[in-house]
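Trainee: One structure is given below, represented as structure tokens, and several questions about it will come after.
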Amino acid sequence: MEKKVSVVMCTYNGAKYLKEQLESIIRQTYPIYELIIQDDRSTDNTIEILKEYSKKNSFIHLFVNQQTLGANRNFFSVMDRATGDYIAISDQDDIWELNKIEKQMETIGDNWLCGHLTKPFADDENIPLHFDARKPNYAIERLIYATPIPGHTILIKKDILSLISEEKKTSYAYDPLLNLIAGIYNKITFCELILTHQRRHLDAVCYTIPVSYQRNFVNYLRTIKRTFVNYLDLRDKMQAYFTRMYEFLKSFPEKNQGKTNAEQLAYYQSKKGLGAYLKLTFLCIKFRDKLFYTKEKSSLFAFLRAIYFPISCSDCFMYMLPDTKS
């Protein structure tokens, strides 16, 4: 029996690009059980467009918030409305490949979360773009630092939502939270195809200017300087973050080696003092194949990166700095 897939979308003043994304969802090769759209009180003609599409397509269900929720609360809310076996998350301004859901359903198997490659594009040629075609590392040791599978690429088994308490919904963004929970239980898989074209524009909630990781001597020096300065600015915030992360990991009864490793990393990353820093450095060296975006081909370079990782990981927390879009 074919599994039912719900697609959920949150909208806010997205009229400019909305129709392209709606068309790419409607024309999916895998049948969409329902498309649930929740608008966060748009002031442009987004709602008029959505009403037009919902009249023509009976599986489209439109809801308009009585009060503004913000992107994160809105996504949690609309996911709770879904009744399918699986939930695919959609942004309002991307464009899906027509076989996106088909390929993800072929890939997910017994896992709880499936991601895929996403390629950025922009109508404005002056917007910097970065595309990484490598398969990301989604081990839980990495997930406590970064979110390798962004929300707009996520397909989840609906059952995962039962593990998310209201308290967790208010403490974490929806996509890192889904990554973390699926990672704790080792239930993530990845489709190595470009299935979403992510539109980049300056008004996008998640847009930041991409950091250059080009490998040359000058860029190495720039990276060391940038991450060290950021670490000094972010150290207290990072320690507070990892204190919460340690408690988050401990709140799940699942026991496996990856989760134990992540708990150790979070614990020492949350502590002050030379002793804790040295223990953290040792753990970073020990788990170096799990910490980076992808496994390093050079064992020496991996070792050197691991030594500096307690500081360089500040790159993962630049969103905590003011004016991250400038």
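Following the order of the structure tokens, chains are lettered A, B, ..., residues in each are numbered from 1, and ligands are numbered from 1.
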Which residues are close to stretch 48-51 of chain A, i.e. within 10 Å by only C-alpha atoms, leaving aside same-chain residues fewer than 2 positions away? Reply as a ChimeraX atom specification.
Mentor: /A:11,14-15,18-19,22,37-39,44-46,53-57,60-63
Trainee: Please produce an output containing C-alpha atoms for each residue in the selection, written as a PDB file, in the first residue's frame.
Mentor:
ATOM      1  CA  THR A  11       3.918  31.468   3.884  1.00  0.00           C
ATOM      2  CA  GLY A  14       5.707  35.276  -0.582  1.00  0.00           C
ATOM      3  CA  ALA A  15       3.538  36.218  -3.543  1.00  0.00           C
ATOM      4  CA  LEU A  18       4.910  31.382  -4.695  1.00  0.00           C
ATOM      5  CA  LYS A  19       3.328  30.123  -7.907  1.00  0.00           C
ATOM      6  CA  LEU A  22       3.166  25.476  -5.903  1.00  0.00           C
ATOM      7  CA  ILE A  37      -0.363  25.765   3.871  1.00  0.00           C
ATOM      8  CA  GLN A  38      -0.384  28.023   6.895  1.00  0.00           C
ATOM      9  CA  ASP A  39      -0.054  31.729   6.284  1.00  0.00           C
ATOM     10  CA  ASP A  44       0.660  41.183   0.038  1.00  0.00           C
ATOM     11  CA  ASN A  45      -1.535  39.049  -2.252  1.00  0.00           C
ATOM     12  CA  THR A  46      -0.155  35.708  -0.999  1.00  0.00           C
ATOM     13  CA  TYR A  53      -4.886  27.254  -5.962  1.00  0.00           C
ATOM     14  CA  SER A  54      -6.934  25.655  -3.182  1.00  0.00           C
ATOM     15  CA  LYS A  55     -10.140  26.098  -5.225  1.00  0.00           C
ATOM     16  CA  LYS A  56      -8.559  24.274  -8.164  1.00  0.00           C
ATOM     17  CA  ASN A  57      -6.914  21.515  -6.092  1.00  0.00           C
ATOM     18  CA  ILE A  60      -4.648  21.922  -0.830  1.00  0.00           C
ATOM     19  CA  HIS A  61      -5.784  23.102   2.596  1.00  0.00           C
ATOM     20  CA  LEU A  62      -5.222  26.726   3.573  1.00  0.00           C
ATOM     21  CA  PHE A  63      -5.069  28.098   7.109  1.00  0.00           C
TER      22      PHE A  63
END
Trainee: Give me every strand (DSSP E) residue in stretch 73-276 of chain A, going by DSSP on the backbone, as a PyMOL selection string.
Mentor: chain A and resi 86-90+95-96+113-121+155-157+188-199
Trainee: Residues within 12 Å of A:Ser270, please, as a ChimeraX atom specification. Count only C-alpha atoms; anything in the same chain fewer than 4 positions from it doesn't count.
Mentor: /A:235-247,263-266,276-277,279-280,310
Trainee: Which stretch 133-174 of chain A residues have any atom within 9 Å of an atom of stretch 66-77 of chain A, and for each, what is the nearest pair of atoms with distance in Å to one decimal, counting only C-alpha atoms, rows sorted by chain and number, as a tab-separated table?
Mentor:
residue	atom	partner	partner_atom	distance
A:Lys169	CA	A:Phe76	CA	7.4
A:Thr170	CA	A:Arg73	CA	7.9
A:Tyr172	CA	A:Asn72	CA	8.7
A:Ala173	CA	A:Asn72	CA	6.0
A:Tyr174	CA	A:Asn72	CA	6.2
Trainee: Mind dumping the selected residues with C-alpha atoms as a JSON list (two decimals), in the first residue's frame?
Mentor:
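Output (part-v2.json):
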[["chain", "number", "residue", "atom", "x", "y", "z"],
["A", 169, "LYS", "CA", 9.61, 23.41, 20.39],
["A", 170, "THR", "CA", 10.28, 26.68, 22.17],
["A", 172, "TYR", "CA", 15.10, 24.85, 19.23],
["A", 173, "ALA", "CA", 14.44, 25.69, 15.61],
["A", 174, "TYR", "CA", 12.45, 22.99, 13.87]]
Trainee: From a DSSP calculation on the backbone, collect every residue of stretch 108-185 of chain A in alpha helix (DSSP H) and output the set as a list in words.
Mentor: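 Answer for stretch 108-185 of chain A restricted to alpha helix (DSSP H) is Ile108, Ile140, Glu141, Arg142, Leu143, Glu166, Glu167, Lys168, Lys169, Thr170, Ser171, Tyr174, Asp175, Pro176, Leu177, Leu178, Asn179, Leu180, Ile181, Ala182, Gly183 and Ile184 of chain A.
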Trainee: So that I can check the surroundings of A:Arg142, please list as a ChimeraX atom specification every protein, DNA and RNA residue that reaches within 8 Å of it, counting only C-alpha atoms and ignoring chain neighbours fewer than 2 positions away.
Mentor: /A:137-140,144-146,290-293
Trainee: Write out the residues from the selection above, keeping N, CA and C atoms, as a PDB file, in the first residue's frame.
Mentor:
ATOM      1  N   ASN A 137      28.028  14.998   6.363  1.00  0.00           N
ATOM      2  CA  ASN A 137      28.130  14.110   7.514  1.00  0.00           C
ATOM      3  C   ASN A 137      26.963  14.401   8.461  1.00  0.00           C
ATOM      4  N   TYR A 138      26.155  13.390   8.750  1.00  0.00           N
ATOM      5  CA  TYR A 138      25.021  13.603   9.654  1.00  0.00           C
ATOM      6  C   TYR A 138      25.107  12.721  10.896  1.00  0.00           C
ATOM      7  N   ALA A 139      26.333  12.384  11.325  1.00  0.00           N
ATOM      8  CA  ALA A 139      26.516  11.688  12.600  1.00  0.00           C
ATOM      9  C   ALA A 139      26.100  12.616  13.733  1.00  0.00           C
ATOM     10  N   ILE A 140      25.606  12.052  14.819  1.00  0.00           N
ATOM     11  CA  ILE A 140      25.128  12.866  15.939  1.00  0.00           C
ATOM     12  C   ILE A 140      26.257  13.705  16.527  1.00  0.00           C
ATOM     13  N   ILE A 144      25.371  18.055  16.873  1.00  0.00           N
ATOM     14  CA  ILE A 144      25.296  18.954  18.024  1.00  0.00           C
ATOM     15  C   ILE A 144      25.962  20.299  17.723  1.00  0.00           C
ATOM     16  N   TYR A 145      26.711  20.367  16.630  1.00  0.00           N
ATOM     17  CA  TYR A 145      27.360  21.613  16.218  1.00  0.00           C
ATOM     18  C   TYR A 145      26.635  22.282  15.053  1.00  0.00           C
ATOM     19  N   ALA A 146      26.171  21.514  14.125  1.00  0.00           N
ATOM     20  CA  ALA A 146      25.617  22.089  12.904  1.00  0.00           C
ATOM     21  C   ALA A 146      24.458  21.241  12.401  1.00  0.00           C
ATOM     22  N   LYS A 290      34.059  12.231  12.589  1.00  0.00           N
ATOM     23  CA  LYS A 290      32.629  12.475  12.766  1.00  0.00           C
ATOM     24  C   LYS A 290      32.278  13.962  12.820  1.00  0.00           C
ATOM     25  N   LEU A 291      33.266  14.828  12.944  1.00  0.00           N
ATOM     26  CA  LEU A 291      32.996  16.221  13.301  1.00  0.00           C
ATOM     27  C   LEU A 291      32.894  17.183  12.129  1.00  0.00           C
ATOM     28  N   PHE A 292      33.564  16.878  11.037  1.00  0.00           N
ATOM     29  CA  PHE A 292      33.627  17.827   9.938  1.00  0.00           C
ATOM     30  C   PHE A 292      32.488  17.598   8.956  1.00  0.00           C
ATOM     31  N   TYR A 293      32.317  18.542   8.035  1.00  0.00           N
ATOM     32  CA  TYR A 293      31.227  18.439   7.055  1.00  0.00           C
ATOM     33  C   TYR A 293      31.314  17.124   6.277  1.00  0.00           C
TER      34      TYR A 293
END
Trainee: Restricting the calculation to only C-alpha atoms: of A:Gly115, A:Pro31, A:Gly84, A:Pro136, which residue gets closest to A:Leu178?
Mentor: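 Of all the options, A:Gly115 lies closest to A:Leu178.
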Trainee: Give the answer as one residue: which of A:Asp85, A:Ile164, A:Ile47, A:Gln28 has the shortest atom-to-atom distance to A:Ser6, using only C-alpha atoms?
Mentor: A:Asp85
Trainee: Might you pull out every residue within 9 Å of A:Lys158, with only C-alpha atoms counted and same-chain residues fewer than 4 positions away left off, and present them as an MDAnalysis selection string?
Mentor: chainID A and resid 79 82:87 112 162
Trainee: Between atom CA of A:Ile194 and atom CA of A:Asn219, what is the distance in Å, rounded to a tenth?
Mentor: 28.2 Å
